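As structure tokens, the structure follows; a few thoughts come after it.
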Amino acid sequence: MENLIETLADLVSIDSVNPEWGGPGEGEVAEYVRSFLERAGIETWVDEVLPGRSNVVGRVAGRDPDRAILLEAHMDTVSVADMTIAPFAPAIGDGRLYGRGACDTKAGLAGMMHALAFAEASGEKPPCDLYLAAVVDEEHAFRGVLGAIEWLEKRGVRPEAAIVAEPTELRAVRCNKGVLRWRIETRGVAAHSSKPHLGKNAIVAMAKVVAALERFHESLADRSHPLLGSATCSIGLIEGGTQVNFVPERCAVTLDRRMLPGETAESVLADYEGVLSEFPPGEVIVHPPLLSDEAMETPADAAVVRKASALLDSLGLDPEPAGVPFGCDCTKLARAGIPSLVFGPGSIDRAHGAIEYVELEQVELAFDFYRRFLMEYGI
């Protein structure tokens, strides 16, 4: 376990902030993962997904090469802006390890690395081929997991189960909300502010649009899922106007809509088109989605869910599958036909925060879960 925590500390000490948030990216972490896997005698590949940004894939051969399971974790983190602790100087105290990425999701990555190394060193061939994909770009556009799916498909590998590392407090998560982000714009007519009657104020028009949207959002409480709760929407950004003595000719808001299983981007946008139909034609413009990622729901009776629940029960942990509101790489794996779960140490409430940490006991239990899942799945 000391080696496991040392690996976690090493990973946290490396700045892998996503370039979208001004960081250097995953290169140094990818090199660390590659070196770790190769030292453990694991067959390893480095696959460049974006310029200078590569996934790392490791494989341990199993008894049945026609079957495979996948562990997946991302290497990038969010920005360190507004952190109140040293982000890349991992510190241990009160049974926790502190630093950026500690729970999101380098603890899960460390546990998966050591679980794969255990499988290689055990001297016992697992039931099927085991893959670990350490991927880039989860914190921005999910391009790493898409690259991993393409890499596997090119080699004819279709995992029959996947575990994705995210902070779930050691719960097996079989469903999560999807996300749709897009912009709505109002258009007016510019004029000098001393004669506002000669213009048409796009900000005033947007105020009416926002009021209509918020009335509609109250009705989302009626759309509910037993594990995920209700659909939600947040108006997170607004921009408009040029300078204070101009009547503004445009204003725009950006929305973040969390979708339930069964909802699609098309059905959600159709709802909003209906809400906005009360406004004059041409005054309100709905722009194409900036991001669309539909929800995931792995059936409760799927083999990966049943196995995970049995393992958690044997470890004295909560075996009941759960749902989470946040998005991650699992949705892309599920859409590729790979039954997927999300599981990892730490709380999502600590992720992206001013003080990020992970409980060391949870890191150790997560490693035990990953290790046993690899060695026992399909037996």
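Residues in the structure tokens are named by chain (A, B, ... in the order shown) and by number from 1 within that chain; ligands are numbered from 1 in the order shown.
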
Legend entry - Distance query A:Arg215 at most 12 Å, only C-alpha atoms, self and fewer than 5 positions along chain excluded, as a PyMOL selection string: chain A and resi 208-210+220-221+233+272+275-276

Legend entry - Close residues, A:Lys195 itself excluded, 10 Å, only C-alpha atoms, min 4 positions apart in chain, as a PyMOL selection string: chain A and resi 191+199+245-247

Selection export as an mmCIF file, in the first residue's frame, atoms kept: N, CA and C atoms:
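Output contents, as saved in again_20.cif:
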```cif
data_model
loop_
_atom_site.group_PDB
_atom_site.id
_atom_site.type_symbol
_atom_site.label_atom_id
_atom_site.label_comp_id
_atom_site.auth_asym_id
_atom_site.auth_seq_id
_atom_site.Cartn_x
_atom_site.Cartn_y
_atom_site.Cartn_z
ATOM 1 N N ALA A 191 -28.280 51.964 -31.347
ATOM 2 C CA ALA A 191 -28.591 53.396 -31.426
ATOM 3 C C ALA A 191 -27.811 54.104 -30.328
ATOM 4 N N GLY A 199 -33.496 52.714 -31.275
ATOM 5 C CA GLY A 199 -32.926 51.369 -31.320
ATOM 6 C C GLY A 199 -33.871 50.338 -30.745
ATOM 7 N N ASN A 245 -22.932 53.789 -23.625
ATOM 8 C CA ASN A 245 -23.756 54.790 -24.314
ATOM 9 C C ASN A 245 -24.251 54.303 -25.669
ATOM 10 N N PHE A 246 -24.270 52.970 -25.868
ATOM 11 C CA PHE A 246 -24.893 52.359 -27.051
ATOM 12 C C PHE A 246 -26.128 51.580 -26.600
ATOM 13 N N VAL A 247 -27.197 51.651 -27.362
ATOM 14 C CA VAL A 247 -28.269 50.661 -27.211
ATOM 15 C C VAL A 247 -27.743 49.346 -27.788
#
```

Inset, instruction - Name the closest residue to A:Glu48 among the candidates A:Gly93, A:Gly188, A:Gly147, A:Gly274; distances are taken between atoms, counting only C-alpha atoms. - result: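 Going through A:Gly93, A:Gly188, A:Gly147, A:Gly274 one by one, the smallest distance to A:Glu48 is for A:Gly147.
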
When you look at stretch 248-259 of chain A with a cut-off of 7 Å (counting only C-alpha atoms), what residues show up, excluding the ones that are within fewer than 5 positions of it in the same chain? I need them as a JSON list (two decimals) with C-alpha atoms, in the first residue's frame.
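Saved file out-v5.json follows:
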```json
[["chain", "number", "residue", "atom", "x", "y", "z"],
["A", 177, "LYS", "CA", -26.79, 12.46, -16.52],
["A", 178, "GLY", "CA", -25.86, 13.71, -19.95],
["A", 179, "VAL", "CA", -25.07, 17.32, -20.77],
["A", 180, "LEU", "CA", -26.10, 19.71, -23.53],
["A", 181, "ARG", "CA", -24.55, 23.18, -23.82],
["A", 182, "TRP", "CA", -25.63, 25.81, -26.32],
["A", 183, "ARG", "CA", -26.15, 29.54, -26.80],
["A", 184, "ILE", "CA", -29.32, 31.58, -27.24],
["A", 185, "GLU", "CA", -28.96, 35.06, -28.73],
["A", 186, "THR", "CA", -31.27, 38.05, -28.95],
["A", 187, "ARG", "CA", -30.83, 40.60, -31.73],
["A", 188, "GLY", "CA", -31.82, 44.22, -31.61],
["A", 189, "VAL", "CA", -30.94, 47.51, -33.28],
["A", 190, "ALA", "CA", -28.04, 49.71, -32.19],
["A", 200, "LYS", "CA", -34.08, 48.02, -30.02],
["A", 201, "ASN", "CA", -32.40, 46.82, -26.83],
["A", 202, "ALA", "CA", -31.20, 43.21, -27.09],
["A", 203, "ILE", "CA", -30.44, 43.04, -23.36],
["A", 206, "MET", "CA", -32.93, 38.79, -23.28],
["A", 231, "ALA", "CA", -33.41, 17.03, -15.19],
["A", 232, "THR", "CA", -31.88, 20.46, -14.60],
["A", 233, "CYS", "CA", -30.73, 23.51, -16.53],
["A", 234, "SER", "CA", -28.46, 26.39, -15.53],
["A", 235, "ILE", "CA", -27.97, 29.66, -17.40],
["A", 236, "GLY", "CA", -24.26, 30.05, -16.74],
["A", 237, "LEU", "CA", -22.98, 32.87, -18.97],
["A", 238, "ILE", "CA", -24.36, 36.13, -20.33],
["A", 239, "GLU", "CA", -22.75, 38.67, -22.61],
["A", 240, "GLY", "CA", -24.09, 41.71, -24.43],
["A", 241, "GLY", "CA", -23.56, 45.29, -25.40],
["A", 242, "THR", "CA", -20.56, 47.20, -26.68],
["A", 294, "GLU", "CA", -26.31, 11.97, -23.76],
["A", 295, "ALA", "CA", -26.86, 10.14, -20.48]]
```

Inset, instruction - Fewer than 2 positions away in the same chain doesn't count, so skip those; otherwise give me all residues within 6 Å of stretch 166-170 of chain A, counting only C-alpha atoms, as a VMD selection string. - result: chain A and resid 103 105 343 to 348

Legend entry - Minimum-distance residue to A:Val60, chosen among A:Leu374, A:Met296, A:Val80, A:Ala270 (using only C-alpha atoms):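 The closest residue to A:Val60 is A:Leu374.
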
Inset, instruction - May I have all residues of stretch 211-308 of chain A that DSSP, computed from the backbone, assigns to alpha helix (DSSP H), given as a ChimeraX atom specification? - result: /A:211-218,265-276,303-308
